[in-house]
Amino acid sequence: MAKKAVSILVTNDDGIMAPGLAALASAVSGLGTVYVVAPDRERSTIGHALTLHRPLRVEPLSERQVSVNGTPSDCVNLALLGLLPEKPALVVAGINHGENLGDDVTYSGTVSAAMEGTLLGVPSIAFSLAGEDHRMFTEAGRVARTLAELVLREGLPRKTLLNVNIPAGVPKGVRFTRLGHRVYSETVRKEIDPRGKAHYWVGAGPPLWEREEDSDMTAVHDGYVSVTPLHMDLTDHQMLHKMAGWQDALATKRSPHPGKRRLTRAKRTGSR
Ligand code: MN
């Protein structure tokens, strides 16, 4: 008996018209029924934002393709909790126009879309292509399909997603990596507008990175596909353990206001 076809949700942060989205949808089309739910315009670096204070509108473009006037996370949330006829087996986001490496994943709408899928209990992968050469989306699509197939077969642990970056050009291979770290050397750029008023640009300089052998950034810049497993539990467990020692210091400073302390004592005495 033939295996029942699974559903796959495809989204991005570059918007419904982006060539990277079409490349990803086409790459995974043989693996299941593909639904595309993507922002109606570019929402890069929007992070994990959700739209709570205005209504979302859904524009159907074809049978299983809609655009939403919201963020990538809105698209995933809406698709998984409302639009799709069933829970998908996989969420894929991308293929982003540009790399999403290291500390930058915290700004990324592409990675956040995969985070939203993960939080809602669906194995999710974010794909990004380094560089500006859009002809490379076909090659990147091949990588995406292979990894999507693997995750559909093997699954992912709860709260874990994959962040995949594909180098410009034909990849030399695959490296499993950890997130690299940015060096924030650039300063905010101040400019004066035609009316004499100051305005500012953040993140205007070229990104600098710490050189670390096992990082995602190093892999991509050496010409390898980088696959980084990310975990949604941001708790620092080592620090949590260490903070047990803070308990005493905090306890002695609990009631700095003398009047309040007297009141508390009086109340306690009265109740006994
Ligand atoms: Mn983008």
# chains A, B, ... in the order shown; residues from 1 in each chain; ligands from 1
>>> residues_near_ligand(ligand="ligand 1", cutoff="8 Å", atoms="only C-alpha atoms and all ligand atoms", output="list of chain:residue names")
A:Asn12, A:Asp13, A:Asp14, A:Glu42, A:Arg43, A:Ser44, A:Thr45, A:Gly94, A:Asn96, A:His97, A:Gly98, A:Ser108, A:Gly109, A:Thr110
>>> select_by_dssp(residues="segment 18-242 of chain A", states="alpha helix (DSSP H)", output="PyMOL selection string")
chain A and resi 19-27+72-78+109-119+137-154+216-221+237-242
>>> write_last_selection(atoms="C-alpha atoms", output="PDB file, in the first residue's frame")
ATOM      1  CA  PRO A  19      12.890  33.482  -6.275  1.00  0.00           C
ATOM      2  CA  GLY A  20      14.297  31.678  -3.201  1.00  0.00           C
ATOM      3  CA  LEU A  21      10.775  30.772  -2.055  1.00  0.00           C
ATOM      4  CA  ALA A  22       9.863  29.336  -5.451  1.00  0.00           C
ATOM      5  CA  ALA A  23      13.134  27.383  -5.505  1.00  0.00           C
ATOM      6  CA  LEU A  24      12.416  25.869  -2.077  1.00  0.00           C
ATOM      7  CA  ALA A  25       8.783  25.007  -2.900  1.00  0.00           C
ATOM      8  CA  SER A  26       9.900  23.313  -6.098  1.00  0.00           C
ATOM      9  CA  ALA A  27      12.767  21.497  -4.321  1.00  0.00           C
ATOM     10  CA  PRO A  72       7.166  35.034   8.783  1.00  0.00           C
ATOM     11  CA  SER A  73       6.164  33.873  12.284  1.00  0.00           C
ATOM     12  CA  ASP A  74       2.582  35.048  11.623  1.00  0.00           C
ATOM     13  CA  CYS A  75       2.584  32.910   8.462  1.00  0.00           C
ATOM     14  CA  VAL A  76       3.710  29.769  10.303  1.00  0.00           C
ATOM     15  CA  ASN A  77       1.368  30.331  13.245  1.00  0.00           C
ATOM     16  CA  LEU A  78      -1.594  31.027  10.953  1.00  0.00           C
ATOM     17  CA  GLY A 109      12.850  36.240   9.932  1.00  0.00           C
ATOM     18  CA  THR A 110      13.797  33.043   8.086  1.00  0.00           C
ATOM     19  CA  VAL A 111      15.244  31.361  11.164  1.00  0.00           C
ATOM     20  CA  SER A 112      12.380  32.711  13.304  1.00  0.00           C
ATOM     21  CA  ALA A 113       9.853  31.070  10.984  1.00  0.00           C
ATOM     22  CA  ALA A 114      11.584  27.737  11.641  1.00  0.00           C
ATOM     23  CA  MET A 115      11.603  28.558  15.372  1.00  0.00           C
ATOM     24  CA  GLU A 116       7.838  29.144  15.259  1.00  0.00           C
ATOM     25  CA  GLY A 117       7.330  25.782  13.549  1.00  0.00           C
ATOM     26  CA  THR A 118       9.488  24.136  16.216  1.00  0.00           C
ATOM     27  CA  LEU A 119       7.576  25.792  19.074  1.00  0.00           C
ATOM     28  CA  PHE A 137      19.072  28.676  -6.000  1.00  0.00           C
ATOM     29  CA  THR A 138      18.852  25.483  -8.067  1.00  0.00           C
ATOM     30  CA  GLU A 139      21.965  24.070  -6.396  1.00  0.00           C
ATOM     31  CA  ALA A 140      20.739  25.279  -2.991  1.00  0.00           C
ATOM     32  CA  GLY A 141      17.391  23.597  -3.715  1.00  0.00           C
ATOM     33  CA  ARG A 142      19.160  20.256  -4.166  1.00  0.00           C
ATOM     34  CA  VAL A 143      20.728  20.624  -0.716  1.00  0.00           C
ATOM     35  CA  ALA A 144      17.353  21.634   0.744  1.00  0.00           C
ATOM     36  CA  ARG A 145      15.612  18.615  -0.734  1.00  0.00           C
ATOM     37  CA  THR A 146      18.190  16.162   0.621  1.00  0.00           C
ATOM     38  CA  LEU A 147      18.008  17.612   4.132  1.00  0.00           C
ATOM     39  CA  ALA A 148      14.205  17.849   4.059  1.00  0.00           C
ATOM     40  CA  GLU A 149      14.050  14.184   3.066  1.00  0.00           C
ATOM     41  CA  LEU A 150      16.417  13.251   5.882  1.00  0.00           C
ATOM     42  CA  VAL A 151      14.432  15.176   8.508  1.00  0.00           C
ATOM     43  CA  LEU A 152      11.138  13.723   7.267  1.00  0.00           C
ATOM     44  CA  ARG A 153      12.645  10.274   7.732  1.00  0.00           C
ATOM     45  CA  GLU A 154      14.613  10.793  10.968  1.00  0.00           C
ATOM     46  CA  ASP A 216      28.908  28.027  10.729  1.00  0.00           C
ATOM     47  CA  MET A 217      30.548  31.171   9.409  1.00  0.00           C
ATOM     48  CA  THR A 218      33.881  29.449   8.790  1.00  0.00           C
ATOM     49  CA  ALA A 219      32.205  26.508   7.019  1.00  0.00           C
ATOM     50  CA  VAL A 220      30.265  28.725   4.601  1.00  0.00           C
ATOM     51  CA  HIS A 221      33.231  30.954   3.885  1.00  0.00           C
ATOM     52  CA  HIS A 237      21.694  25.835  32.764  1.00  0.00           C
ATOM     53  CA  GLN A 238      25.250  26.374  34.008  1.00  0.00           C
ATOM     54  CA  MET A 239      24.379  29.892  35.171  1.00  0.00           C
ATOM     55  CA  LEU A 240      21.148  28.689  36.723  1.00  0.00           C
ATOM     56  CA  HIS A 241      23.159  26.252  38.811  1.00  0.00           C
ATOM     57  CA  LYS A 242      25.655  28.983  39.757  1.00  0.00           C
TER      58      LYS A 242
END
>>> closest_residue(among="A:Gly180, A:Lys159, A:Trp246, A:Gly30", to="Val105 of chain A", atoms="only C-alpha atoms")
A:Gly180
>>> residues_around(residues="segment 185-197 of chain A", least_positions_apart="3", cutoff="12 Å", atoms="only C-alpha atoms", output="list in words")
Arg182, Tyr200, Trp201, Val202, Gly203, Ala204, Gly205, Pro206, Pro207, Leu208, Trp209 and Glu210 of chain A
>>> write_last_selection(atoms="N, CA and C atoms", output="PDB file, in the first residue's frame")
ATOM      1  N   ARG A 182      29.717  37.353  16.089  1.00  0.00           N
ATOM      2  CA  ARG A 182      30.022  38.612  15.427  1.00  0.00           C
ATOM      3  C   ARG A 182      30.970  39.457  16.266  1.00  0.00           C
ATOM      4  N   TYR A 200      20.115  58.124  11.544  1.00  0.00           N
ATOM      5  CA  TYR A 200      21.141  57.137  11.910  1.00  0.00           C
ATOM      6  C   TYR A 200      20.933  55.821  11.167  1.00  0.00           C
ATOM      7  N   TRP A 201      22.032  55.132  10.906  1.00  0.00           N
ATOM      8  CA  TRP A 201      21.994  53.792  10.310  1.00  0.00           C
ATOM      9  C   TRP A 201      22.740  52.827  11.233  1.00  0.00           C
ATOM     10  N   VAL A 202      22.048  51.775  11.659  1.00  0.00           N
ATOM     11  CA  VAL A 202      22.735  50.730  12.433  1.00  0.00           C
ATOM     12  C   VAL A 202      23.098  49.596  11.482  1.00  0.00           C
ATOM     13  N   GLY A 203      24.099  48.803  11.860  1.00  0.00           N
ATOM     14  CA  GLY A 203      24.506  47.630  11.063  1.00  0.00           C
ATOM     15  C   GLY A 203      24.923  47.994   9.655  1.00  0.00           C
ATOM     16  N   ALA A 204      25.519  49.160   9.474  1.00  0.00           N
ATOM     17  CA  ALA A 204      25.833  49.636   8.125  1.00  0.00           C
ATOM     18  C   ALA A 204      27.149  49.086   7.579  1.00  0.00           C
ATOM     19  N   GLY A 205      28.066  48.694   8.448  1.00  0.00           N
ATOM     20  CA  GLY A 205      29.376  48.220   7.992  1.00  0.00           C
ATOM     21  C   GLY A 205      29.349  46.751   7.613  1.00  0.00           C
ATOM     22  N   PRO A 206      30.418  46.265   6.961  1.00  0.00           N
ATOM     23  CA  PRO A 206      30.486  44.833   6.654  1.00  0.00           C
ATOM     24  C   PRO A 206      30.650  44.031   7.949  1.00  0.00           C
ATOM     25  N   PRO A 207      29.955  42.875   8.074  1.00  0.00           N
ATOM     26  CA  PRO A 207      30.048  42.112   9.320  1.00  0.00           C
ATOM     27  C   PRO A 207      31.436  41.490   9.509  1.00  0.00           C
ATOM     28  N   LEU A 208      31.947  41.562  10.718  1.00  0.00           N
ATOM     29  CA  LEU A 208      33.210  40.904  11.063  1.00  0.00           C
ATOM     30  C   LEU A 208      32.908  39.765  12.017  1.00  0.00           C
ATOM     31  N   TRP A 209      33.672  38.680  11.884  1.00  0.00           N
ATOM     32  CA  TRP A 209      33.391  37.486  12.685  1.00  0.00           C
ATOM     33  C   TRP A 209      34.643  37.003  13.376  1.00  0.00           C
ATOM     34  N   GLU A 210      34.444  36.406  14.538  1.00  0.00           N
ATOM     35  CA  GLU A 210      35.564  35.722  15.201  1.00  0.00           C
ATOM     36  C   GLU A 210      35.918  34.508  14.350  1.00  0.00           C
TER      37      GLU A 210
END
>>> atom_distance(atom1="atom CA of Ser124 of chain A", atom2="atom CA of Val164 of chain A")
10.8 Å
>>> residues_around(residues="Ser7 of chain A", least_positions_apart="3", cutoff="10 Å", atoms="only C-alpha atoms", output="count of residues only")
16
>>> closest_residue(among="A:Arg41, A:His48, A:Arg211, A:Arg158", to="Asn69 of chain A", atoms="only C-alpha atoms")
A:Arg41
>>> select_by_dssp(residues="segment 69-271 of chain A", states="strand (DSSP E or B)", output="compact mmCIF listing (two decimals) with all heavy atoms, in the first residue's frame")
# COMPACT_ATOMS: atom_id res chain seq x y z
N LEU A 90 6.51 18.84 8.16
CA LEU A 90 7.75 19.61 8.07
C LEU A 90 7.43 21.07 7.74
O LEU A 90 6.52 21.35 6.96
CB LEU A 90 8.62 19.01 6.94
CG LEU A 90 9.99 19.60 6.70
CD1 LEU A 90 10.95 19.26 7.85
CD2 LEU A 90 10.57 19.07 5.38
N VAL A 91 8.19 21.97 8.37
CA VAL A 91 8.17 23.39 7.99
C VAL A 91 9.55 23.73 7.43
O VAL A 91 10.56 23.45 8.08
CB VAL A 91 7.86 24.31 9.19
CG1 VAL A 91 8.01 25.78 8.81
CG2 VAL A 91 6.45 24.04 9.74
N VAL A 92 9.58 24.31 6.23
CA VAL A 92 10.86 24.79 5.69
C VAL A 92 10.73 26.28 5.38
O VAL A 92 9.72 26.73 4.86
CB VAL A 92 11.31 24.00 4.42
CG1 VAL A 92 11.80 22.62 4.79
CG2 VAL A 92 10.21 23.92 3.38
N ALA A 93 11.78 27.03 5.73
CA ALA A 93 11.78 28.47 5.51
C ALA A 93 12.96 28.86 4.64
O ALA A 93 14.07 28.36 4.83
CB ALA A 93 11.84 29.21 6.84
N GLY A 94 12.73 29.74 3.67
CA GLY A 94 13.80 30.18 2.78
C GLY A 94 13.37 30.06 1.33
O GLY A 94 12.19 30.09 1.05
N ILE A 95 14.25 29.80 0.43
CA ILE A 95 15.69 29.89 0.67
C ILE A 95 16.04 31.37 0.78
O ILE A 95 15.79 32.12 -0.18
CB ILE A 95 16.49 29.23 -0.48
CG1 ILE A 95 16.12 27.76 -0.60
CG2 ILE A 95 17.99 29.42 -0.27
CD1 ILE A 95 16.64 27.10 -1.88
N ASN A 96 16.56 31.79 1.92
CA ASN A 96 16.79 33.21 2.13
C ASN A 96 17.82 33.77 1.16
O ASN A 96 18.81 33.11 0.83
CB ASN A 96 17.24 33.46 3.56
CG ASN A 96 17.29 34.95 3.87
OD1 ASN A 96 16.26 35.62 3.82
ND2 ASN A 96 18.46 35.47 4.17
N HIS A 97 17.55 34.99 0.73
CA HIS A 97 18.51 35.71 -0.14
C HIS A 97 19.58 36.31 0.75
O HIS A 97 19.46 37.43 1.23
CB HIS A 97 17.78 36.81 -0.92
CG HIS A 97 16.73 36.28 -1.85
ND1 HIS A 97 16.34 36.95 -2.98
CD2 HIS A 97 16.00 35.13 -1.84
CE1 HIS A 97 15.41 36.24 -3.62
NE2 HIS A 97 15.18 35.14 -2.94
N SER A 124 11.42 21.59 11.84
CA SER A 124 11.55 22.77 10.97
C SER A 124 12.99 23.04 10.58
O SER A 124 13.91 22.81 11.38
CB SER A 124 10.99 24.01 11.69
OG SER A 124 9.65 23.80 12.09
N ILE A 125 13.17 23.53 9.35
CA ILE A 125 14.51 23.84 8.84
C ILE A 125 14.50 25.21 8.18
O ILE A 125 13.59 25.52 7.41
CB ILE A 125 14.97 22.80 7.78
CG1 ILE A 125 14.60 21.38 8.17
CG2 ILE A 125 16.47 22.92 7.53
CD1 ILE A 125 14.88 20.35 7.06
N ALA A 126 15.54 26.02 8.48
CA ALA A 126 15.73 27.30 7.80
C ALA A 126 16.86 27.15 6.79
O ALA A 126 17.92 26.60 7.12
CB ALA A 126 16.07 28.38 8.82
N PHE A 127 16.65 27.63 5.56
CA PHE A 127 17.67 27.57 4.51
C PHE A 127 18.03 28.98 4.05
O PHE A 127 17.15 29.80 3.81
CB PHE A 127 17.15 26.79 3.29
CG PHE A 127 16.90 25.33 3.57
CD1 PHE A 127 15.61 24.87 3.79
CD2 PHE A 127 17.95 24.42 3.60
CE1 PHE A 127 15.37 23.52 4.04
CE2 PHE A 127 17.72 23.07 3.85
CZ PHE A 127 16.43 22.62 4.07
N SER A 128 19.32 29.22 3.92
CA SER A 128 19.79 30.53 3.43
C SER A 128 20.94 30.31 2.45
O SER A 128 21.76 29.42 2.64
CB SER A 128 20.29 31.39 4.59
OG SER A 128 19.30 31.52 5.58
N LEU A 129 20.95 31.15 1.42
CA LEU A 129 22.02 31.08 0.41
C LEU A 129 22.92 32.30 0.54
O LEU A 129 22.44 33.44 0.49
CB LEU A 129 21.39 31.02 -1.00
CG LEU A 129 22.36 31.07 -2.18
CD1 LEU A 129 23.25 29.83 -2.22
CD2 LEU A 129 21.58 31.20 -3.49
N THR A 160 14.21 21.37 18.82
CA THR A 160 15.43 21.53 18.01
C THR A 160 15.04 21.82 16.56
O THR A 160 14.15 21.18 16.01
CB THR A 160 16.28 20.25 18.07
OG1 THR A 160 16.71 20.06 19.41
CG2 THR A 160 17.50 20.34 17.16
N LEU A 161 15.72 22.81 15.96
CA LEU A 161 15.54 23.09 14.54
C LEU A 161 16.91 23.09 13.87
O LEU A 161 17.94 23.09 14.55
CB LEU A 161 14.86 24.45 14.34
CG LEU A 161 15.59 25.67 14.88
CD1 LEU A 161 15.61 26.78 13.86
CD2 LEU A 161 14.90 26.16 16.16
N LEU A 162 16.90 23.07 12.54
CA LEU A 162 18.17 23.13 11.81
C LEU A 162 18.29 24.46 11.09
O LEU A 162 17.34 24.92 10.44
CB LEU A 162 18.26 21.99 10.79
CG LEU A 162 18.24 20.56 11.34
CD1 LEU A 162 18.42 19.56 10.20
CD2 LEU A 162 19.29 20.33 12.42
N ASN A 163 19.46 25.07 11.21
CA ASN A 163 19.76 26.28 10.45
C ASN A 163 20.81 25.91 9.40
O ASN A 163 21.94 25.56 9.73
CB ASN A 163 20.29 27.38 11.37
CG ASN A 163 20.53 28.66 10.62
OD1 ASN A 163 19.74 29.03 9.74
ND2 ASN A 163 21.61 29.35 10.93
N VAL A 164 20.39 25.99 8.13
CA VAL A 164 21.25 25.55 7.04
C VAL A 164 21.67 26.75 6.19
O VAL A 164 20.82 27.54 5.77
CB VAL A 164 20.51 24.51 6.15
CG1 VAL A 164 21.40 24.05 5.00
CG2 VAL A 164 20.05 23.33 6.99
N ASN A 165 22.96 26.89 5.97
CA ASN A 165 23.48 27.94 5.09
C ASN A 165 24.25 27.30 3.96
O ASN A 165 25.09 26.41 4.19
CB ASN A 165 24.39 28.89 5.88
CG ASN A 165 23.57 29.89 6.69
OD1 ASN A 165 23.19 30.94 6.19
ND2 ASN A 165 23.27 29.54 7.92
N ILE A 166 23.95 27.75 2.75
CA ILE A 166 24.57 27.17 1.57
C ILE A 166 25.51 28.22 0.96
O ILE A 166 25.11 29.38 0.80
CB ILE A 166 23.46 26.74 0.56
CG1 ILE A 166 22.58 25.67 1.22
CG2 ILE A 166 24.06 26.23 -0.75
CD1 ILE A 166 21.12 25.86 1.06
N VAL A 174 29.55 19.06 3.24
CA VAL A 174 28.69 19.52 4.34
C VAL A 174 29.48 19.50 5.64
O VAL A 174 30.27 18.58 5.88
CB VAL A 174 27.45 18.60 4.49
CG1 VAL A 174 26.58 19.04 5.67
CG2 VAL A 174 26.63 18.59 3.21
N ARG A 175 29.32 20.54 6.46
CA ARG A 175 29.91 20.54 7.80
C ARG A 175 28.80 20.76 8.83
O ARG A 175 27.94 21.62 8.63
CB ARG A 175 30.95 21.65 7.94
CG ARG A 175 32.30 21.29 7.35
CD ARG A 175 33.32 22.35 7.73
NE ARG A 175 34.50 22.27 6.89
CZ ARG A 175 35.36 23.27 6.73
NH1 ARG A 175 35.15 24.42 7.34
NH2 ARG A 175 36.42 23.12 5.97
N PHE A 176 28.87 20.02 9.93
CA PHE A 176 27.94 20.24 11.04
C PHE A 176 28.65 21.19 12.00
O PHE A 176 29.79 20.93 12.41
CB PHE A 176 27.56 18.91 11.68
CG PHE A 176 26.94 17.99 10.67
CD1 PHE A 176 27.63 16.89 10.17
CD2 PHE A 176 25.67 18.26 10.17
CE1 PHE A 176 27.06 16.07 9.20
CE2 PHE A 176 25.10 17.44 9.19
CZ PHE A 176 25.80 16.35 8.71
N ARG A 178 28.60 24.89 14.86
CA ARG A 178 27.92 25.65 15.90
C ARG A 178 27.87 27.11 15.48
O ARG A 178 28.57 27.51 14.53
CB ARG A 178 28.64 25.50 17.23
CG ARG A 178 30.04 26.07 17.24
CD ARG A 178 30.68 25.79 18.59
NE ARG A 178 32.04 26.28 18.63
CZ ARG A 178 32.35 27.54 18.91
NH1 ARG A 178 31.42 28.43 19.15
NH2 ARG A 178 33.61 27.91 18.95
N ARG A 182 29.72 37.35 16.09
CA ARG A 182 30.02 38.61 15.43
C ARG A 182 30.97 39.46 16.27
O ARG A 182 30.93 39.39 17.49
CB ARG A 182 28.73 39.42 15.30
CG ARG A 182 28.28 39.69 13.90
CD ARG A 182 27.04 40.56 13.99
NE ARG A 182 26.29 40.56 12.76
CZ ARG A 182 26.55 41.38 11.75
NH1 ARG A 182 27.53 42.25 11.81
NH2 ARG A 182 25.81 41.33 10.65
N VAL A 183 31.77 40.24 15.60
CA VAL A 183 32.56 41.27 16.28
C VAL A 183 31.91 42.60 15.92
O VAL A 183 31.87 42.96 14.75
CB VAL A 183 34.03 41.25 15.81
CG1 VAL A 183 34.84 42.31 16.54
CG2 VAL A 183 34.64 39.86 15.99
N ARG A 189 26.14 54.88 12.10
CA ARG A 189 26.47 55.95 11.14
C ARG A 189 25.45 57.08 11.24
O ARG A 189 24.25 56.86 11.10
CB ARG A 189 26.49 55.37 9.73
CG ARG A 189 27.02 56.39 8.71
CD ARG A 189 27.04 55.83 7.32
NE ARG A 189 27.94 54.69 7.20
CZ ARG A 189 28.07 53.97 6.09
NH1 ARG A 189 27.35 54.27 5.02
NH2 ARG A 189 28.91 52.96 6.04
N LYS A 190 25.96 58.28 11.47
CA LYS A 190 25.09 59.45 11.58
C LYS A 190 25.15 60.25 10.29
O LYS A 190 26.23 60.50 9.77
CB LYS A 190 25.54 60.31 12.76
CG LYS A 190 24.67 61.54 13.01
CD LYS A 190 25.25 62.38 14.15
CE LYS A 190 24.39 63.61 14.37
NZ LYS A 190 24.94 64.47 15.43
N GLU A 191 23.99 60.60 9.75
CA GLU A 191 23.96 61.42 8.54
C GLU A 191 22.97 62.56 8.75
O GLU A 191 22.13 62.50 9.64
CB GLU A 191 23.56 60.56 7.34
CG GLU A 191 24.65 59.59 6.93
CD GLU A 191 24.23 58.60 5.84
OE1 GLU A 191 23.07 58.65 5.39
OE2 GLU A 191 25.08 57.78 5.47
N ILE A 192 23.09 63.57 7.89
CA ILE A 192 22.19 64.73 7.99
C ILE A 192 21.29 64.75 6.76
O ILE A 192 21.77 64.64 5.63
CB ILE A 192 23.02 66.04 8.05
CG1 ILE A 192 24.04 65.99 9.21
CG2 ILE A 192 22.10 67.26 8.19
CD1 ILE A 192 23.47 65.93 10.60
N ALA A 198 19.34 65.18 11.80
CA ALA A 198 20.19 63.98 11.88
C ALA A 198 19.35 62.71 11.78
O ALA A 198 18.23 62.66 12.28
CB ALA A 198 20.96 63.99 13.19
N HIS A 199 19.90 61.71 11.09
CA HIS A 199 19.31 60.37 11.14
C HIS A 199 20.45 59.36 11.23
O HIS A 199 21.61 59.71 11.01
CB HIS A 199 18.39 60.10 9.96
CG HIS A 199 19.08 60.18 8.63
ND1 HIS A 199 19.20 61.36 7.94
CD2 HIS A 199 19.69 59.24 7.88
CE1 HIS A 199 19.85 61.14 6.81
NE2 HIS A 199 20.17 59.85 6.75
N TYR A 200 20.12 58.12 11.54
CA TYR A 200 21.14 57.14 11.91
C TYR A 200 20.93 55.82 11.17
O TYR A 200 19.80 55.43 10.87
CB TYR A 200 21.09 56.88 13.43
CG TYR A 200 21.35 58.13 14.23
CD1 TYR A 200 20.31 58.99 14.54
CD2 TYR A 200 22.64 58.46 14.63
CE1 TYR A 200 20.54 60.16 15.26
CE2 TYR A 200 22.88 59.62 15.35
CZ TYR A 200 21.82 60.47 15.66
OH TYR A 200 22.06 61.61 16.37
N TRP A 201 22.03 55.13 10.91
CA TRP A 201 21.99 53.79 10.31
C TRP A 201 22.74 52.83 11.23
O TRP A 201 23.91 53.06 11.54
CB TRP A 201 22.66 53.79 8.93
CG TRP A 201 21.89 54.57 7.91
CD1 TRP A 201 22.02 55.90 7.62
CD2 TRP A 201 20.85 54.07 7.06
NE1 TRP A 201 21.14 56.26 6.64
CE2 TRP A 201 20.40 55.16 6.26
CE3 TRP A 201 20.25 52.82 6.88
CZ2 TRP A 201 19.39 55.04 5.31
CZ3 TRP A 201 19.24 52.69 5.93
CH2 TRP A 201 18.82 53.79 5.17
N LEU A 208 31.95 41.56 10.72
CA LEU A 208 33.21 40.90 11.06
C LEU A 208 32.91 39.76 12.02
O LEU A 208 32.00 39.87 12.84
CB LEU A 208 34.15 41.91 11.74
CG LEU A 208 34.64 43.06 10.87
CD1 LEU A 208 35.41 44.08 11.71
CD2 LEU A 208 35.51 42.55 9.72
N TRP A 209 33.67 38.68 11.88
CA TRP A 209 33.39 37.49 12.68
C TRP A 209 34.64 37.00 13.38
O TRP A 209 35.74 37.15 12.85
CB TRP A 209 32.86 36.37 11.78
CG TRP A 209 31.58 36.71 11.13
CD1 TRP A 209 31.41 37.36 9.93
CD2 TRP A 209 30.27 36.47 11.64
NE1 TRP A 209 30.07 37.52 9.67
CE2 TRP A 209 29.35 36.98 10.69
CE3 TRP A 209 29.78 35.86 12.80
CZ2 TRP A 209 27.97 36.91 10.87
CZ3 TRP A 209 28.42 35.79 12.98
CH2 TRP A 209 27.52 36.31 12.03
N SER A 215 32.82 26.84 13.45
CA SER A 215 31.62 27.68 13.37
C SER A 215 30.95 27.60 12.00
O SER A 215 31.57 27.22 11.00
CB SER A 215 31.96 29.13 13.69
OG SER A 215 32.54 29.75 12.56
N VAL A 225 28.49 23.59 2.89
CA VAL A 225 27.15 23.76 3.45
C VAL A 225 27.29 23.63 4.95
O VAL A 225 27.95 22.71 5.44
CB VAL A 225 26.18 22.67 2.92
CG1 VAL A 225 24.84 22.75 3.63
CG2 VAL A 225 26.01 22.78 1.41
N SER A 226 26.68 24.58 5.69
CA SER A 226 26.73 24.52 7.14
C SER A 226 25.36 24.11 7.69
O SER A 226 24.35 24.71 7.32
CB SER A 226 27.12 25.89 7.70
OG SER A 226 26.78 25.99 9.06
N VAL A 227 25.36 23.09 8.54
CA VAL A 227 24.12 22.66 9.19
C VAL A 227 24.32 22.80 10.70
O VAL A 227 25.15 22.11 11.29
CB VAL A 227 23.76 21.19 8.85
CG1 VAL A 227 22.44 20.79 9.50
CG2 VAL A 227 23.70 21.00 7.34
N THR A 228 23.56 23.73 11.30
CA THR A 228 23.68 23.97 12.74
C THR A 228 22.37 23.60 13.44
O THR A 228 21.33 24.15 13.11
CB THR A 228 23.97 25.47 13.04
OG1 THR A 228 25.05 25.89 12.22
CG2 THR A 228 24.31 25.68 14.50
N PRO A 229 22.44 22.66 14.40
CA PRO A 229 21.22 22.39 15.18
C PRO A 229 21.06 23.48 16.23
O PRO A 229 21.99 23.79 16.96
CB PRO A 229 21.51 21.02 15.82
CG PRO A 229 23.00 20.93 15.86
CD PRO A 229 23.58 21.83 14.80
N LEU A 230 19.88 24.08 16.28
CA LEU A 230 19.59 25.12 17.28
C LEU A 230 18.54 24.59 18.24
O LEU A 230 17.67 23.82 17.85
CB LEU A 230 19.06 26.39 16.61
CG LEU A 230 19.94 27.06 15.57
CD1 LEU A 230 19.24 28.32 15.03
CD2 LEU A 230 21.29 27.43 16.14
N HIS A 231 18.64 25.04 19.51
CA HIS A 231 17.68 24.59 20.52
C HIS A 231 16.88 25.76 21.04
O HIS A 231 17.44 26.83 21.28
CB HIS A 231 18.43 23.89 21.67
CG HIS A 231 17.55 23.03 22.49
ND1 HIS A 231 17.00 23.45 23.67
CD2 HIS A 231 17.08 21.78 22.27
CE1 HIS A 231 16.24 22.48 24.16
NE2 HIS A 231 16.27 21.46 23.33
>>> atom_distance(atom1="atom CA of Gly70 of chain A", atom2="atom CA of Ala38 of chain A")
8.4 Å
>>> atom_distance(atom1="atom CA of Asp104 of chain A", atom2="atom CA of Glu213 of chain A")
18.1 Å
